[in-house]
Amino acid sequence: MITLNAKSKLRSFKTRLVLVVMSLVIAVSVPMQMVQKASAYTIDEINAIYNAQKAAIQQDVDKYAAQASQLAAQASTLQSALEIISSQKAEIQALLDLSQAKYDNLVLQIADTEQKIKDNQDALGKTIANMYVDDQVTPLEMLASSKNIGDYLDKQEYRSSVRNQLTSTISKIKDLKTQLDVQKSDVQKVLEQQKAQKDILAAKEQEQQNLLDQTKGQEAAYQQLVTQRAADLAAANEQQRLAIAKITNNGQNTSGSVGSFQYRNFSGNQGACGGGYPANVSNIWGCNFSLDYGAPYYYDSWALFNRECVSYTAWAAYTRFNKKVTSFMGSGMAYQWPTTALSMGANVDNTPEVGSVAISPRQYFTPSGHAMLVEEDYGDGWIRVSQYNFAGTGEYSTMDLKASSAVYIHFQDRIVR
């Protein structure tokens with residue numbers, strides 16, 4: 001039975017959940033208006049607005065996923081406790097069955113003993129009756145009917161022996177019955193104690209089950225929020241793509257800057273597949289799958305999100321330039337790469353070279369930074385890069401980049417057999 005406090009907490013949780021869902025609807029509806037008014041913004045402004053929105057959505061996804069994970073851990077703990085209680089209840093039931101069998105056996109023994117007492121009492125009555133009849137015969141007549149004096153004495157001794165034996169037997173049986181009654185009383189007390197223990201465990205088990213059901217319900221609710229926010233993230237990506245497509249007019253707007261980050265000759269988004277990025281790998285990732293591939297998220301061979309800048313860069317550096325990038329398992333944010341690269345022996349500096357990975361500062365591509373592959377060094381302070389998801393749409397593109405806009409990771413060459 002759920003306690004009043006537990007019910008109150010559950011109602012409070014449901015109220016908070018409704019408010020969260022309402023706030024999500026409001027948050028998603030505002031940026032959608034930008035698609036209609038895209039011409040009033042620059043690419044940089046659109047990227048800044050949508051990237052900030054997506055960062056907030058991602059924070060929600062991470063927060064709800066963490067809460068769901070915490071509730072899952074609590075549910076696991078509750079499940080373990082429930083299994084322990086069930087095991088204890090089973091042990092008590094086994095002892096209860098044993099005590100019940102012992103009690104039932106004692107009841108049968110007592111009934112059998114009472115029957116023996118009755119049978120022996122009947123036998124004693126008959127003996128006494130026969131002795132009474134014999135008592136009506138005078139000693140002289142009994143002596144006369146005996147063969148001799150020895151026969152007379154034997155009859156007297158026999159009657160006395162039978163009477164004494166029956167009396168002794170009845171006394172012993174009564175003592176046995178008394179002992180059995182005491183044992184029955186003791187076993188009955190044990191039975192009552194064990195039944196009480198079983199009832200207590202059953203109550204604890206029900207309470208634990210109620211808590212487990214409630215926790216699993218909350219976990220499911222947060223999982224639903226994760227799914228919803230992941231869908232919002234995909235929607236924001238699509239809105240961003242549409243807004244940029246509207247103002248670039250198929251790539252005619254080809255240059256821009258965000259702080260010291262400068263680019264020119266932007267090719268425009270060239271579709272989901274480009275630069276050799278594979279179409280389908282083991283039916284798990286590739287350009288035929290959507291950006292991040294929804295929830296649950298799908299990862300590439302480097303445990304990176306599908307069609308993100310880091311996924312393309314890892315693939316291109318590894319496949320096209322034979323670089324050692326296999327240690328980047330799960331380094332999902334571009335800003336994490338320089339630190340990870342240093343820890344695995346790669347060089348990080350401000351000098352670009354073909355095949356190196358350019359990482360833009362985090363503050364220009366909130367919150368994760370941006371990764372690009374250096375395709376050509378013009379030698380005049382500008383380089384040519386290829387990339388995915390520059391505009392947050394998960395598409396392939398190329399552009400010229402001011403070399404001072406990024407730091408560069410120089411991976412070691414891998415041995416190709």
# chains A, B, ... in the order shown; residues from 1 in each chain; ligands from 1
$ residues_around --residues "segment 332-347 of chain A" --least-positions-apart "3" --cutoff "7 Å" --atoms "only C-alpha atoms" --output "list in words"
Leu304, Phe305, Val310, Ile359, Arg362, Ser368, Gly369, His370, Ala371, Ile409, His410, Phe411 and Gln412 of chain A
$ closest_residue --among "A:Asn47, A:Gln240, A:Ser99, A:Ser86" --to "Ser185 of chain A" --atoms "only C-alpha atoms"
A:Ser99
$ residues_around --residues "segment 214-225 of chain A" --least-positions-apart "3" --cutoff "7 Å" --atoms "only C-alpha atoms" --output "number ranges by chain"
A: 64-65, 67-68, 71-72, 75, 210-211, 228-229
$ write_last_selection --atoms "N, CA and C atoms" --output "short mmCIF file (atom, residue, chain, number, x, y, z; two decimals), in the first residue's frame"
data_model
loop_
_atom_site.label_atom_id
_atom_site.label_comp_id
_atom_site.auth_asym_id
_atom_site.auth_seq_id
_atom_site.Cartn_x
_atom_site.Cartn_y
_atom_site.Cartn_z
N TYR A 64 17.77 14.77 -18.22
CA TYR A 64 16.70 13.77 -18.10
C TYR A 64 17.28 12.36 -18.17
N ALA A 65 18.28 12.18 -19.01
CA ALA A 65 18.92 10.85 -19.10
C ALA A 65 19.59 10.50 -17.78
N GLN A 67 18.71 11.61 -14.80
CA GLN A 67 17.65 11.32 -13.83
C GLN A 67 17.05 9.94 -14.08
N ALA A 68 16.87 9.62 -15.36
CA ALA A 68 16.36 8.28 -15.68
C ALA A 68 17.34 7.20 -15.24
N LEU A 71 17.14 6.86 -11.47
CA LEU A 71 15.94 6.11 -11.10
C LEU A 71 16.08 4.63 -11.45
N ALA A 72 16.76 4.35 -12.56
CA ALA A 72 16.99 2.95 -12.93
C ALA A 72 17.86 2.26 -11.89
N ALA A 75 15.71 1.66 -8.94
CA ALA A 75 14.83 0.52 -9.21
C ALA A 75 15.58 -0.80 -9.07
N ASN A 210 5.41 -1.57 -4.26
CA ASN A 210 4.79 -0.29 -4.58
C ASN A 210 5.85 0.78 -4.90
N LEU A 211 6.92 0.80 -4.09
CA LEU A 211 8.01 1.74 -4.34
C LEU A 211 8.70 1.44 -5.68
N GLN A 228 11.50 12.90 -26.29
CA GLN A 228 10.87 14.12 -26.80
C GLN A 228 11.90 15.19 -27.10
N ARG A 229 12.87 15.39 -26.18
CA ARG A 229 13.88 16.41 -26.39
C ARG A 229 14.83 16.03 -27.53
#
$ closest_residue --among "A:Gln209, A:Gln109, A:Gln239, A:Ser69" --to "Ile173 of chain A" --atoms "only C-alpha atoms"
A:Gln109
$ select_by_dssp --residues "segment 283-400 of chain A" --states "helix (DSSP H, G or I)" --output "MDAnalysis selection string"
chainID A and resid 291:293 309:319 326:328 334:343 362:364
$ write_last_selection --atoms "N, CA and C atoms" --output "mmCIF file, in the first residue's frame"
data_model
loop_
_atom_site.group_PDB
_atom_site.id
_atom_site.type_symbol
_atom_site.label_atom_id
_atom_site.label_comp_id
_atom_site.auth_asym_id
_atom_site.auth_seq_id
_atom_site.Cartn_x
_atom_site.Cartn_y
_atom_site.Cartn_z
ATOM 1 N N LEU A 291 20.973 12.648 -38.929
ATOM 2 C CA LEU A 291 21.927 13.230 -37.989
ATOM 3 C C LEU A 291 21.655 12.728 -36.576
ATOM 4 N N ASP A 292 22.692 12.178 -35.967
ATOM 5 C CA ASP A 292 22.593 11.588 -34.617
ATOM 6 C C ASP A 292 21.679 10.382 -34.574
ATOM 7 N N TYR A 293 20.891 10.165 -35.612
ATOM 8 C CA TYR A 293 20.027 8.997 -35.762
ATOM 9 C C TYR A 293 19.018 8.869 -34.627
ATOM 10 N N CYS A 309 30.395 16.567 -37.055
ATOM 11 C CA CYS A 309 31.694 16.978 -37.590
ATOM 12 C C CYS A 309 32.809 16.036 -37.145
ATOM 13 N N VAL A 310 32.759 15.590 -35.871
ATOM 14 C CA VAL A 310 33.817 14.711 -35.363
ATOM 15 C C VAL A 310 33.767 13.329 -36.003
ATOM 16 N N SER A 311 32.548 12.867 -36.323
ATOM 17 C CA SER A 311 32.413 11.558 -36.958
ATOM 18 C C SER A 311 33.049 11.564 -38.344
ATOM 19 N N TYR A 312 32.722 12.597 -39.138
ATOM 20 C CA TYR A 312 33.316 12.696 -40.471
ATOM 21 C C TYR A 312 34.831 12.858 -40.384
ATOM 22 N N THR A 313 35.299 13.725 -39.482
ATOM 23 C CA THR A 313 36.736 13.992 -39.384
ATOM 24 C C THR A 313 37.506 12.748 -38.968
ATOM 25 N N ALA A 314 36.978 12.014 -37.997
ATOM 26 C CA ALA A 314 37.651 10.776 -37.574
ATOM 27 C C ALA A 314 37.721 9.788 -38.726
ATOM 28 N N TRP A 315 36.584 9.639 -39.429
ATOM 29 C CA TRP A 315 36.550 8.706 -40.566
ATOM 30 C C TRP A 315 37.536 9.133 -41.650
ATOM 31 N N ALA A 316 37.513 10.430 -42.027
ATOM 32 C CA ALA A 316 38.352 10.913 -43.120
ATOM 33 C C ALA A 316 39.838 10.823 -42.775
ATOM 34 N N ALA A 317 40.208 11.221 -41.559
ATOM 35 C CA ALA A 317 41.620 11.157 -41.167
ATOM 36 C C ALA A 317 42.108 9.712 -41.141
ATOM 37 N N TYR A 318 41.264 8.818 -40.659
ATOM 38 C CA TYR A 318 41.639 7.407 -40.561
ATOM 39 C C TYR A 318 41.682 6.749 -41.940
ATOM 40 N N THR A 319 40.649 6.990 -42.747
ATOM 41 C CA THR A 319 40.495 6.267 -44.010
ATOM 42 C C THR A 319 41.286 6.907 -45.147
ATOM 43 N N THR A 326 42.108 5.861 -33.646
ATOM 44 C CA THR A 326 41.271 4.859 -32.976
ATOM 45 C C THR A 326 41.135 5.101 -31.487
ATOM 46 N N SER A 327 42.035 5.873 -30.886
ATOM 47 C CA SER A 327 41.950 6.128 -29.441
ATOM 48 C C SER A 327 40.892 7.167 -29.081
ATOM 49 N N PHE A 328 40.246 7.718 -30.099
ATOM 50 C CA PHE A 328 39.259 8.763 -29.838
ATOM 51 C C PHE A 328 37.878 8.191 -29.566
ATOM 52 N N ALA A 334 34.121 18.309 -30.185
ATOM 53 C CA ALA A 334 35.340 18.714 -30.880
ATOM 54 C C ALA A 334 36.335 19.371 -29.932
ATOM 55 N N TYR A 335 35.848 20.144 -28.967
ATOM 56 C CA TYR A 335 36.769 20.841 -28.060
ATOM 57 C C TYR A 335 37.564 19.866 -27.192
ATOM 58 N N GLN A 336 37.100 18.607 -27.077
ATOM 59 C CA GLN A 336 37.814 17.611 -26.276
ATOM 60 C C GLN A 336 39.032 17.031 -27.014
ATOM 61 N N TRP A 337 39.052 17.169 -28.341
ATOM 62 C CA TRP A 337 40.064 16.479 -29.136
ATOM 63 C C TRP A 337 41.505 16.915 -28.843
ATOM 64 N N PRO A 338 41.819 18.189 -28.743
ATOM 65 C CA PRO A 338 43.230 18.537 -28.497
ATOM 66 C C PRO A 338 43.805 17.899 -27.237
ATOM 67 N N THR A 339 43.032 17.928 -26.140
ATOM 68 C CA THR A 339 43.514 17.330 -24.889
ATOM 69 C C THR A 339 43.687 15.831 -25.041
ATOM 70 N N THR A 340 42.716 15.186 -25.672
ATOM 71 C CA THR A 340 42.802 13.736 -25.879
ATOM 72 C C THR A 340 43.969 13.387 -26.786
ATOM 73 N N ALA A 341 44.156 14.206 -27.834
ATOM 74 C CA ALA A 341 45.253 13.950 -28.776
ATOM 75 C C ALA A 341 46.607 14.020 -28.085
ATOM 76 N N LEU A 342 46.797 15.013 -27.230
ATOM 77 C CA LEU A 342 48.056 15.126 -26.499
ATOM 78 C C LEU A 342 48.303 13.914 -25.617
ATOM 79 N N SER A 343 47.245 13.415 -24.988
ATOM 80 C CA SER A 343 47.394 12.271 -24.086
ATOM 81 C C SER A 343 47.767 10.997 -24.825
ATOM 82 N N ARG A 362 35.917 26.675 -28.887
ATOM 83 C CA ARG A 362 34.600 26.268 -28.394
ATOM 84 C C ARG A 362 33.606 27.428 -28.382
ATOM 85 N N GLN A 363 34.078 28.632 -28.070
ATOM 86 C CA GLN A 363 33.149 29.743 -27.909
ATOM 87 C C GLN A 363 32.501 30.147 -29.229
ATOM 88 N N TYR A 364 33.079 29.724 -30.349
ATOM 89 C CA TYR A 364 32.493 30.092 -31.636
ATOM 90 C C TYR A 364 31.446 29.093 -32.108
#
